[in-house]
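Have a look at structure-v2.txt; it's compact mmCIF, N, CA, C and O atoms:
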```txt
# COMPACT_ATOMS: atom_id res chain seq x y z
N MET A 1 135.69 87.75 62.42
CA MET A 1 136.60 88.63 63.13
C MET A 1 136.26 88.59 64.62
O MET A 1 135.11 88.75 64.99
N PRO A 2 137.23 88.41 65.52
CA PRO A 2 136.95 88.32 66.95
C PRO A 2 136.52 89.67 67.52
O PRO A 2 136.92 90.72 67.04
N ASP A 3 135.70 89.58 68.55
CA ASP A 3 135.23 90.79 69.23
C ASP A 3 136.31 91.26 70.19
O ASP A 3 136.75 90.52 71.06
N ASP A 4 136.77 92.52 70.03
CA ASP A 4 137.87 93.05 70.84
C ASP A 4 137.40 93.63 72.17
O ASP A 4 138.22 94.06 72.98
N ARG A 5 136.09 93.68 72.40
CA ARG A 5 135.59 94.24 73.66
C ARG A 5 135.92 93.30 74.81
O ARG A 5 135.82 92.09 74.68
N ALA A 6 136.27 93.88 75.94
CA ALA A 6 136.60 93.08 77.12
C ALA A 6 135.33 92.50 77.72
O ALA A 6 134.33 93.18 77.85
N VAL A 7 135.40 91.24 78.08
CA VAL A 7 134.30 90.57 78.74
C VAL A 7 134.68 90.43 80.20
O VAL A 7 135.73 89.88 80.51
N PRO A 8 133.84 90.94 81.13
CA PRO A 8 134.21 90.85 82.54
C PRO A 8 134.27 89.41 83.00
O PRO A 8 133.52 88.56 82.53
N ALA A 9 135.18 89.14 83.91
CA ALA A 9 135.29 87.81 84.49
C ALA A 9 134.04 87.53 85.32
O ALA A 9 133.35 88.45 85.72
N GLY A 10 133.76 86.27 85.59
CA GLY A 10 132.55 85.89 86.32
C GLY A 10 132.40 86.63 87.64
O GLY A 10 131.32 87.02 88.01
N GLY A 11 133.48 86.82 88.38
CA GLY A 11 133.42 87.52 89.66
C GLY A 11 133.00 88.96 89.51
O GLY A 11 132.27 89.49 90.33
N GLU A 12 133.48 89.64 88.47
CA GLU A 12 133.11 91.03 88.25
C GLU A 12 131.64 91.15 87.91
O GLU A 12 130.96 92.07 88.35
N GLN A 13 131.12 90.24 87.12
CA GLN A 13 129.71 90.28 86.75
C GLN A 13 128.85 90.01 87.98
O GLN A 13 127.83 90.65 88.17
N ALA A 14 129.25 89.09 88.82
CA ALA A 14 128.50 88.80 90.03
C ALA A 14 128.50 90.01 90.96
O ALA A 14 127.50 90.31 91.60
N GLY A 15 129.62 90.72 91.04
CA GLY A 15 129.69 91.94 91.85
C GLY A 15 128.71 92.99 91.36
O GLY A 15 128.08 93.68 92.15
N SER A 16 128.56 93.09 90.05
CA SER A 16 127.63 94.04 89.47
C SER A 16 126.19 93.70 89.86
O SER A 16 125.40 94.58 90.18
N VAL A 17 125.86 92.42 89.84
CA VAL A 17 124.52 91.98 90.24
C VAL A 17 124.29 92.27 91.72
O VAL A 17 123.22 92.73 92.11
N ASP A 18 125.30 92.02 92.54
CA ASP A 18 125.19 92.30 93.97
C ASP A 18 124.98 93.78 94.22
O ASP A 18 124.18 94.17 95.06
N ASP A 19 125.73 94.62 93.49
CA ASP A 19 125.59 96.07 93.64
C ASP A 19 124.19 96.52 93.25
O ASP A 19 123.56 97.31 93.94
N ARG A 20 123.69 96.00 92.14
CA ARG A 20 122.36 96.37 91.68
C ARG A 20 121.30 95.93 92.69
O ARG A 20 120.37 96.65 93.00
N ASP A 21 121.47 94.74 93.25
CA ASP A 21 120.54 94.23 94.25
C ASP A 21 120.54 95.14 95.48
O ASP A 21 119.48 95.45 96.04
N ALA A 22 121.72 95.57 95.92
CA ALA A 22 121.81 96.45 97.08
C ALA A 22 121.11 97.77 96.82
O ALA A 22 120.41 98.30 97.69
N VAL A 23 121.26 98.31 95.61
CA VAL A 23 120.61 99.58 95.27
C VAL A 23 119.09 99.41 95.23
O VAL A 23 118.35 100.24 95.77
N VAL A 24 118.61 98.33 94.63
CA VAL A 24 117.17 98.09 94.57
C VAL A 24 116.60 97.93 95.98
O VAL A 24 115.56 98.52 96.31
N ARG A 25 117.29 97.19 96.82
CA ARG A 25 116.81 97.01 98.19
C ARG A 25 116.81 98.34 98.95
O ARG A 25 115.89 98.62 99.72
N ALA A 26 117.81 99.17 98.73
CA ALA A 26 117.85 100.48 99.38
C ALA A 26 116.72 101.37 98.87
O ALA A 26 116.07 102.07 99.65
N LEU A 27 116.47 101.33 97.56
CA LEU A 27 115.36 102.11 97.00
C LEU A 27 114.03 101.70 97.63
O LEU A 27 113.16 102.55 97.87
N LEU A 28 113.85 100.42 97.88
CA LEU A 28 112.60 99.94 98.45
C LEU A 28 112.35 100.43 99.86
O LEU A 28 111.22 100.40 100.34
N THR A 29 113.40 100.87 100.54
CA THR A 29 113.22 101.38 101.91
C THR A 29 112.81 102.85 101.92
O THR A 29 112.38 103.35 102.95
N LEU A 30 112.95 103.53 100.79
CA LEU A 30 112.56 104.95 100.72
C LEU A 30 111.04 105.07 100.72
O LEU A 30 110.34 104.20 100.20
N PRO A 31 110.52 106.18 101.25
CA PRO A 31 109.09 106.43 101.11
C PRO A 31 108.73 106.49 99.62
O PRO A 31 109.56 106.85 98.78
N THR A 32 107.50 106.16 99.30
CA THR A 32 107.06 106.07 97.91
C THR A 32 107.37 107.34 97.12
O THR A 32 107.89 107.26 95.99
N LYS A 33 107.09 108.49 97.67
CA LYS A 33 107.32 109.75 96.95
C LYS A 33 108.80 109.93 96.63
O LYS A 33 109.17 110.29 95.50
N GLN A 34 109.68 109.69 97.61
CA GLN A 34 111.11 109.82 97.37
C GLN A 34 111.57 108.82 96.33
O GLN A 34 112.35 109.15 95.44
N ARG A 35 111.10 107.59 96.43
CA ARG A 35 111.50 106.56 95.47
C ARG A 35 111.08 106.95 94.05
O ARG A 35 111.86 106.84 93.12
N ARG A 36 109.87 107.43 93.89
CA ARG A 36 109.40 107.83 92.56
C ARG A 36 110.25 108.95 91.98
O ARG A 36 110.64 108.90 90.82
N VAL A 37 110.52 109.95 92.80
CA VAL A 37 111.32 111.09 92.34
C VAL A 37 112.73 110.64 91.96
O VAL A 37 113.24 110.99 90.89
N VAL A 38 113.37 109.86 92.82
CA VAL A 38 114.73 109.40 92.54
C VAL A 38 114.78 108.55 91.28
O VAL A 38 115.66 108.73 90.42
N VAL A 39 113.84 107.64 91.13
CA VAL A 39 113.83 106.76 89.95
C VAL A 39 113.58 107.56 88.69
O VAL A 39 114.31 107.41 87.70
N LEU A 40 112.57 108.42 88.69
CA LEU A 40 112.28 109.22 87.49
C LEU A 40 113.44 110.15 87.15
O LEU A 40 113.83 110.29 85.99
N ARG A 41 113.98 110.79 88.17
CA ARG A 41 115.03 111.80 87.95
C ARG A 41 116.37 111.18 87.58
O ARG A 41 117.03 111.62 86.65
N HIS A 42 116.79 110.16 88.31
CA HIS A 42 118.15 109.67 88.15
C HIS A 42 118.28 108.36 87.40
O HIS A 42 119.31 108.11 86.77
N LEU A 43 117.28 107.50 87.45
CA LEU A 43 117.38 106.26 86.70
C LEU A 43 116.77 106.38 85.30
O LEU A 43 117.28 105.81 84.35
N LEU A 44 115.67 107.14 85.21
CA LEU A 44 115.06 107.35 83.89
C LEU A 44 115.53 108.64 83.24
O LEU A 44 115.14 108.95 82.12
N ASP A 45 116.35 109.40 83.96
CA ASP A 45 117.00 110.61 83.44
C ASP A 45 116.03 111.67 82.95
O ASP A 45 116.27 112.34 81.94
N LEU A 46 114.92 111.84 83.67
CA LEU A 46 114.00 112.92 83.34
C LEU A 46 114.49 114.20 83.99
O LEU A 46 115.15 114.17 85.03
N SER A 47 114.15 115.33 83.39
CA SER A 47 114.51 116.61 83.98
C SER A 47 113.64 116.88 85.20
O SER A 47 112.60 116.23 85.40
N GLU A 48 114.04 117.85 86.01
CA GLU A 48 113.23 118.20 87.18
C GLU A 48 111.84 118.64 86.76
O GLU A 48 110.84 118.28 87.39
N SER A 49 111.75 119.39 85.68
CA SER A 49 110.45 119.84 85.17
C SER A 49 109.58 118.67 84.72
O SER A 49 108.37 118.65 84.96
N GLU A 50 110.20 117.69 84.06
CA GLU A 50 109.45 116.52 83.59
C GLU A 50 108.94 115.69 84.77
O GLU A 50 107.81 115.21 84.75
N VAL A 51 109.78 115.53 85.79
CA VAL A 51 109.36 114.78 86.98
C VAL A 51 108.21 115.52 87.67
O VAL A 51 107.22 114.90 88.07
N ALA A 52 108.34 116.84 87.79
CA ALA A 52 107.29 117.63 88.43
C ALA A 52 105.97 117.49 87.68
O ALA A 52 104.91 117.29 88.30
N ALA A 53 106.02 117.56 86.37
CA ALA A 53 104.80 117.41 85.56
C ALA A 53 104.23 116.00 85.69
O ALA A 53 103.01 115.83 85.81
N GLU A 54 105.08 115.02 85.68
CA GLU A 54 104.64 113.62 85.76
C GLU A 54 103.95 113.32 87.09
O GLU A 54 102.95 112.61 87.14
N LEU A 55 104.50 113.86 88.18
CA LEU A 55 103.97 113.57 89.50
C LEU A 55 102.98 114.62 89.99
O LEU A 55 102.38 114.45 91.06
N GLY A 56 102.85 115.72 89.25
CA GLY A 56 101.92 116.77 89.66
C GLY A 56 102.36 117.51 90.90
O GLY A 56 101.54 117.86 91.75
N ILE A 57 103.66 117.74 91.03
CA ILE A 57 104.22 118.45 92.19
C ILE A 57 105.10 119.59 91.69
O ILE A 57 105.57 119.57 90.56
N PRO A 58 105.35 120.60 92.52
CA PRO A 58 106.23 121.70 92.11
C PRO A 58 107.67 121.25 91.90
O PRO A 58 108.14 120.28 92.51
N VAL A 59 108.39 121.98 91.06
CA VAL A 59 109.80 121.68 90.77
C VAL A 59 110.63 121.73 92.06
O VAL A 59 111.51 120.90 92.27
N GLY A 60 110.35 122.69 92.92
CA GLY A 60 111.08 122.79 94.18
C GLY A 60 110.91 121.54 95.04
O GLY A 60 111.85 121.11 95.72
N THR A 61 109.72 120.95 95.00
CA THR A 61 109.48 119.72 95.74
C THR A 61 110.28 118.57 95.14
O THR A 61 110.82 117.73 95.88
N VAL A 62 110.40 118.55 93.83
CA VAL A 62 111.23 117.53 93.17
C VAL A 62 112.67 117.66 93.64
O VAL A 62 113.31 116.67 94.01
N LYS A 63 113.18 118.88 93.66
CA LYS A 63 114.57 119.11 94.07
C LYS A 63 114.81 118.66 95.51
O LYS A 63 115.77 117.94 95.79
N SER A 64 113.95 119.10 96.43
CA SER A 64 114.17 118.76 97.83
C SER A 64 113.95 117.27 98.10
O SER A 64 114.69 116.66 98.87
N THR A 65 112.95 116.69 97.45
CA THR A 65 112.67 115.27 97.64
C THR A 65 113.81 114.42 97.09
O THR A 65 114.23 113.43 97.72
N ALA A 66 114.33 114.79 95.92
CA ALA A 66 115.46 114.06 95.33
C ALA A 66 116.69 114.16 96.24
O ALA A 66 117.39 113.17 96.46
N SER A 67 116.93 115.34 96.76
CA SER A 67 118.08 115.55 97.64
C SER A 67 117.98 114.67 98.89
O SER A 67 118.95 114.00 99.27
N ARG A 68 116.80 114.65 99.51
CA ARG A 68 116.62 113.82 100.71
C ARG A 68 116.72 112.33 100.36
O ARG A 68 117.31 111.56 101.12
N GLY A 69 116.15 111.95 99.24
CA GLY A 69 116.20 110.54 98.83
C GLY A 69 117.61 110.07 98.56
O GLY A 69 118.01 108.98 98.98
N LEU A 70 118.38 110.89 97.84
CA LEU A 70 119.77 110.52 97.54
C LEU A 70 120.62 110.48 98.81
O LEU A 70 121.48 109.60 98.96
N ALA A 71 120.37 111.42 99.73
CA ALA A 71 121.11 111.41 100.99
C ALA A 71 120.82 110.12 101.77
O ALA A 71 121.72 109.50 102.33
N ARG A 72 119.56 109.71 101.76
CA ARG A 72 119.19 108.47 102.46
C ARG A 72 119.83 107.25 101.79
O ARG A 72 120.31 106.34 102.46
N LEU A 73 119.86 107.24 100.46
CA LEU A 73 120.51 106.13 99.75
C LEU A 73 121.99 106.07 100.07
O LEU A 73 122.54 104.98 100.27
N ARG A 74 122.65 107.22 100.12
CA ARG A 74 124.08 107.24 100.49
C ARG A 74 124.28 106.65 101.88
O ARG A 74 125.21 105.89 102.12
N GLU A 75 123.38 107.03 102.78
CA GLU A 75 123.46 106.53 104.15
C GLU A 75 123.26 105.01 104.18
O GLU A 75 124.01 104.29 104.83
N LEU A 76 122.24 104.54 103.48
CA LEU A 76 121.93 103.11 103.47
C LEU A 76 123.02 102.28 102.82
O LEU A 76 123.29 101.15 103.22
N LEU A 77 123.66 102.84 101.79
CA LEU A 77 124.67 102.10 101.04
C LEU A 77 126.08 102.34 101.57
O LEU A 77 127.05 101.85 100.99
N GLY A 78 126.19 103.11 102.63
CA GLY A 78 127.48 103.29 103.27
C GLY A 78 128.45 104.19 102.55
O GLY A 78 129.65 104.08 102.73
N ALA A 79 127.94 105.11 101.72
CA ALA A 79 128.82 106.02 101.00
C ALA A 79 129.08 107.26 101.85
O ALA A 79 128.19 107.74 102.54
N PRO A 80 130.31 107.79 101.81
CA PRO A 80 130.59 109.03 102.54
C PRO A 80 129.78 110.18 101.93
O PRO A 80 129.37 110.12 100.79
N ASP A 81 129.56 111.23 102.70
CA ASP A 81 128.79 112.38 102.22
C ASP A 81 129.34 112.90 100.90
O ASP A 81 130.53 113.11 100.75
N GLY A 82 128.44 113.07 99.95
CA GLY A 82 128.82 113.63 98.65
C GLY A 82 129.39 112.62 97.68
O GLY A 82 129.61 112.93 96.52
N ALA A 83 129.67 111.41 98.12
CA ALA A 83 130.27 110.42 97.23
C ALA A 83 129.18 109.52 96.66
O ALA A 83 128.11 109.35 97.24
N ALA A 84 129.49 108.94 95.54
CA ALA A 84 128.57 107.98 94.94
C ALA A 84 128.54 106.73 95.79
O ALA A 84 129.57 106.32 96.32
N PRO A 85 127.37 106.12 95.96
CA PRO A 85 127.31 104.90 96.76
C PRO A 85 128.17 103.79 96.17
O PRO A 85 128.28 103.65 94.96
N GLY A 86 128.79 103.04 97.04
CA GLY A 86 129.63 101.93 96.61
C GLY A 86 128.99 100.61 96.94
O GLY A 86 127.91 100.56 97.52
N PRO A 87 129.64 99.51 96.60
CA PRO A 87 129.07 98.19 96.87
C PRO A 87 129.00 97.92 98.36
O PRO A 87 129.91 98.26 99.11
N THR A 88 127.90 97.34 98.78
CA THR A 88 127.72 96.96 100.17
C THR A 88 126.94 95.67 100.23
O THR A 88 126.42 95.21 99.23
N ALA A 89 126.83 95.13 101.41
CA ALA A 89 125.98 93.95 101.59
C ALA A 89 124.53 94.39 101.49
O ALA A 89 124.19 95.50 101.88
N PRO A 90 123.66 93.54 100.97
CA PRO A 90 122.24 93.90 100.88
C PRO A 90 121.64 94.17 102.25
O PRO A 90 122.09 93.62 103.25
N THR A 91 120.62 95.01 102.29
CA THR A 91 119.94 95.29 103.54
C THR A 91 119.14 94.08 103.96
O THR A 91 118.95 93.15 103.19
N THR A 92 118.62 94.10 105.17
CA THR A 92 117.92 92.94 105.69
C THR A 92 116.44 92.93 105.37
O THR A 92 115.72 92.06 105.82
N GLN A 93 115.95 93.88 104.60
CA GLN A 93 114.54 93.90 104.26
C GLN A 93 114.20 92.65 103.45
O GLN A 93 114.83 92.36 102.46
N THR A 94 113.17 91.93 103.87
CA THR A 94 112.82 90.70 103.18
C THR A 94 111.49 90.78 102.46
O THR A 94 111.23 90.01 101.56
N SER A 95 110.64 91.70 102.83
CA SER A 95 109.33 91.79 102.21
C SER A 95 109.37 92.72 101.00
O SER A 95 109.80 93.86 101.10
N LEU A 96 108.93 92.20 99.87
CA LEU A 96 108.86 93.02 98.67
C LEU A 96 107.41 93.35 98.34
O LEU A 96 107.11 93.84 97.27
N THR A 97 106.51 93.15 99.28
CA THR A 97 105.09 93.36 99.02
C THR A 97 104.74 94.82 98.85
O THR A 97 103.73 95.14 98.25
N THR A 98 105.56 95.74 99.35
CA THR A 98 105.25 97.16 99.23
C THR A 98 105.86 97.77 97.98
O THR A 98 105.73 98.96 97.75
N ARG A 99 106.49 96.97 97.17
CA ARG A 99 107.18 97.48 96.00
C ARG A 99 106.18 97.95 94.95
O ARG A 99 105.19 97.31 94.68
N THR A 100 106.49 99.11 94.36
CA THR A 100 105.71 99.61 93.25
C THR A 100 106.61 99.66 92.04
O THR A 100 107.82 99.79 92.16
N SER A 101 106.05 99.59 90.89
CA SER A 101 106.84 99.62 89.67
C SER A 101 107.48 100.98 89.50
O SER A 101 106.78 101.99 89.50
N PRO A 102 108.83 101.05 89.36
CA PRO A 102 109.47 102.36 89.22
C PRO A 102 109.12 103.03 87.90
O PRO A 102 109.25 104.23 87.78
N THR A 103 108.63 102.28 86.94
CA THR A 103 108.32 102.89 85.66
C THR A 103 106.83 103.17 85.52
O THR A 103 106.40 103.68 84.51
N ALA A 104 106.05 102.83 86.56
CA ALA A 104 104.61 103.09 86.49
C ALA A 104 104.38 104.60 86.47
O ALA A 104 104.94 105.33 87.28
N ARG A 105 103.62 105.03 85.55
CA ARG A 105 103.34 106.45 85.43
C ARG A 105 101.98 106.74 86.04
O ARG A 105 101.06 105.95 85.95
N THR A 106 101.86 107.90 86.65
CA THR A 106 100.59 108.30 87.23
C THR A 106 100.07 109.49 86.47
O THR A 106 100.82 110.23 85.86
N SER A 107 98.78 109.66 86.49
CA SER A 107 98.21 110.85 85.89
C SER A 107 97.56 111.65 86.99
O SER A 107 96.81 111.12 87.79
N GLY A 108 97.89 112.89 87.03
CA GLY A 108 97.32 113.74 88.07
C GLY A 108 98.19 113.80 89.31
O GLY A 108 99.31 113.33 89.34
N ARG A 109 97.61 114.34 90.36
CA ARG A 109 98.35 114.55 91.60
C ARG A 109 98.41 113.25 92.40
O ARG A 109 97.51 112.45 92.35
N THR A 110 99.48 113.12 93.13
CA THR A 110 99.61 111.97 94.02
C THR A 110 99.00 112.33 95.37
O THR A 110 98.95 113.49 95.73
N SER A 111 98.55 111.33 96.10
CA SER A 111 97.98 111.59 97.42
C SER A 111 99.09 111.94 98.39
O SER A 111 100.22 111.50 98.25
N ARG A 112 98.76 112.71 99.37
CA ARG A 112 99.78 113.15 100.35
C ARG A 112 99.52 112.55 101.68
O ARG A 112 98.53 112.26 102.13
```

Represent the structure from my file as structure tokens, please.
Amino acid sequence: MPDDRAVPAGGEQAGSVDDRDAVVRALLTLPTKQRRVVVLRHLLDLSESEVAAELGIPVGTVKSTASRGLARLRELLGAPDGAAPGPTAPTTQTSLTTRTSPTARTSGRTSR
């Protein structure tokens, strides 16, 4: 029996890869603390309390850090205030040496 699900055309799939690349590059420009909070909260879908416990920071800090991080991502990706970021050209950052694993878990408090 044939699969009735729509398969995106090659151009659509390439656009998705470009969008993902732009988001990853934008995430890499965030300070480490903001990047960790945004990734845990919005990409791994942890609650504010879970992120706070994971990083050893207060819930209020999670909220404010996530807000600042998302605002910066909107700015970097060219999205209007309050709107979800849209596709853009990748940023010019070329060094990936400062990248940390977004899924790396820490135990205890992070350094400030």

How many Å lie between atom N of Glu75 (chain A) and CA of Glu48 (chain A), rounded to one decimal? 21.7 Å

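Atom O of Val17 (chain A) to atom C of Ser67 (chain A) spans 23.6 Å [interatomic distance, one decimal].
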
Pick from A:Val23, A:Ala79, A:Val37, A:Leu28: nearest to Pro58 (chain A), with only C-alpha atoms counted? A:Val37

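Atom pair CA of Arg35 (chain A) / CA of Ser64 (chain A): separated by 12.7 Å.
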
Test item: which residues lie within 9 Å of (105.4, 112.4, 97.3) counting only C-alpha atoms, as a tab-separated table (two decimals) with N, CA, C and O atoms, keeping the file's coordinate frame:
```tsv
chain	number	residue	atom	x	y	z
A	31	PRO	N	110.52	106.18	101.25
A	31	PRO	CA	109.09	106.43	101.11
A	31	PRO	C	108.73	106.49	99.62
A	31	PRO	O	109.56	106.85	98.78
A	32	THR	N	107.50	106.16	99.30
A	32	THR	CA	107.06	106.07	97.91
A	32	THR	C	107.37	107.34	97.12
A	32	THR	O	107.89	107.26	95.99
A	33	LYS	N	107.09	108.49	97.67
A	33	LYS	CA	107.32	109.75	96.95
A	33	LYS	C	108.80	109.93	96.63
A	33	LYS	O	109.17	110.29	95.50
A	34	GLN	N	109.68	109.69	97.61
A	34	GLN	CA	111.11	109.82	97.37
A	34	GLN	C	111.57	108.82	96.33
A	34	GLN	O	112.35	109.15	95.44
A	35	ARG	N	111.10	107.59	96.43
A	35	ARG	CA	111.50	106.56	95.47
A	35	ARG	C	111.08	106.95	94.05
A	35	ARG	O	111.86	106.84	93.12
A	36	ARG	N	109.87	107.43	93.89
A	36	ARG	CA	109.40	107.83	92.56
A	36	ARG	C	110.25	108.95	91.98
A	36	ARG	O	110.64	108.90	90.82
A	37	VAL	N	110.52	109.95	92.80
A	37	VAL	CA	111.32	111.09	92.34
A	37	VAL	C	112.73	110.64	91.96
A	37	VAL	O	113.24	110.99	90.89
A	55	LEU	N	104.50	113.86	88.18
A	55	LEU	CA	103.97	113.57	89.50
A	55	LEU	C	102.98	114.62	89.99
A	55	LEU	O	102.38	114.45	91.06
A	57	ILE	N	103.66	117.74	91.03
A	57	ILE	CA	104.22	118.45	92.19
A	57	ILE	C	105.10	119.59	91.69
A	57	ILE	O	105.57	119.57	90.56
A	61	THR	N	109.72	120.95	95.00
A	61	THR	CA	109.48	119.72	95.74
A	61	THR	C	110.28	118.57	95.14
A	61	THR	O	110.82	117.73	95.88
A	62	VAL	N	110.40	118.55	93.83
A	62	VAL	CA	111.23	117.53	93.17
A	62	VAL	C	112.67	117.66	93.64
A	62	VAL	O	113.31	116.67	94.01
A	65	THR	N	112.95	116.69	97.45
A	65	THR	CA	112.67	115.27	97.64
A	65	THR	C	113.81	114.42	97.09
A	65	THR	O	114.23	113.43	97.72
A	110	THR	N	99.48	113.12	93.13
A	110	THR	CA	99.61	111.97	94.02
A	110	THR	C	99.00	112.33	95.37
A	110	THR	O	98.95	113.49	95.73
A	111	SER	N	98.55	111.33	96.10
A	111	SER	CA	97.98	111.59	97.42
A	111	SER	C	99.09	111.94	98.39
A	111	SER	O	100.22	111.50	98.25
A	112	ARG	N	98.76	112.71	99.37
A	112	ARG	CA	99.78	113.15	100.35
A	112	ARG	C	99.52	112.55	101.68
A	112	ARG	O	98.53	112.26	102.13
```
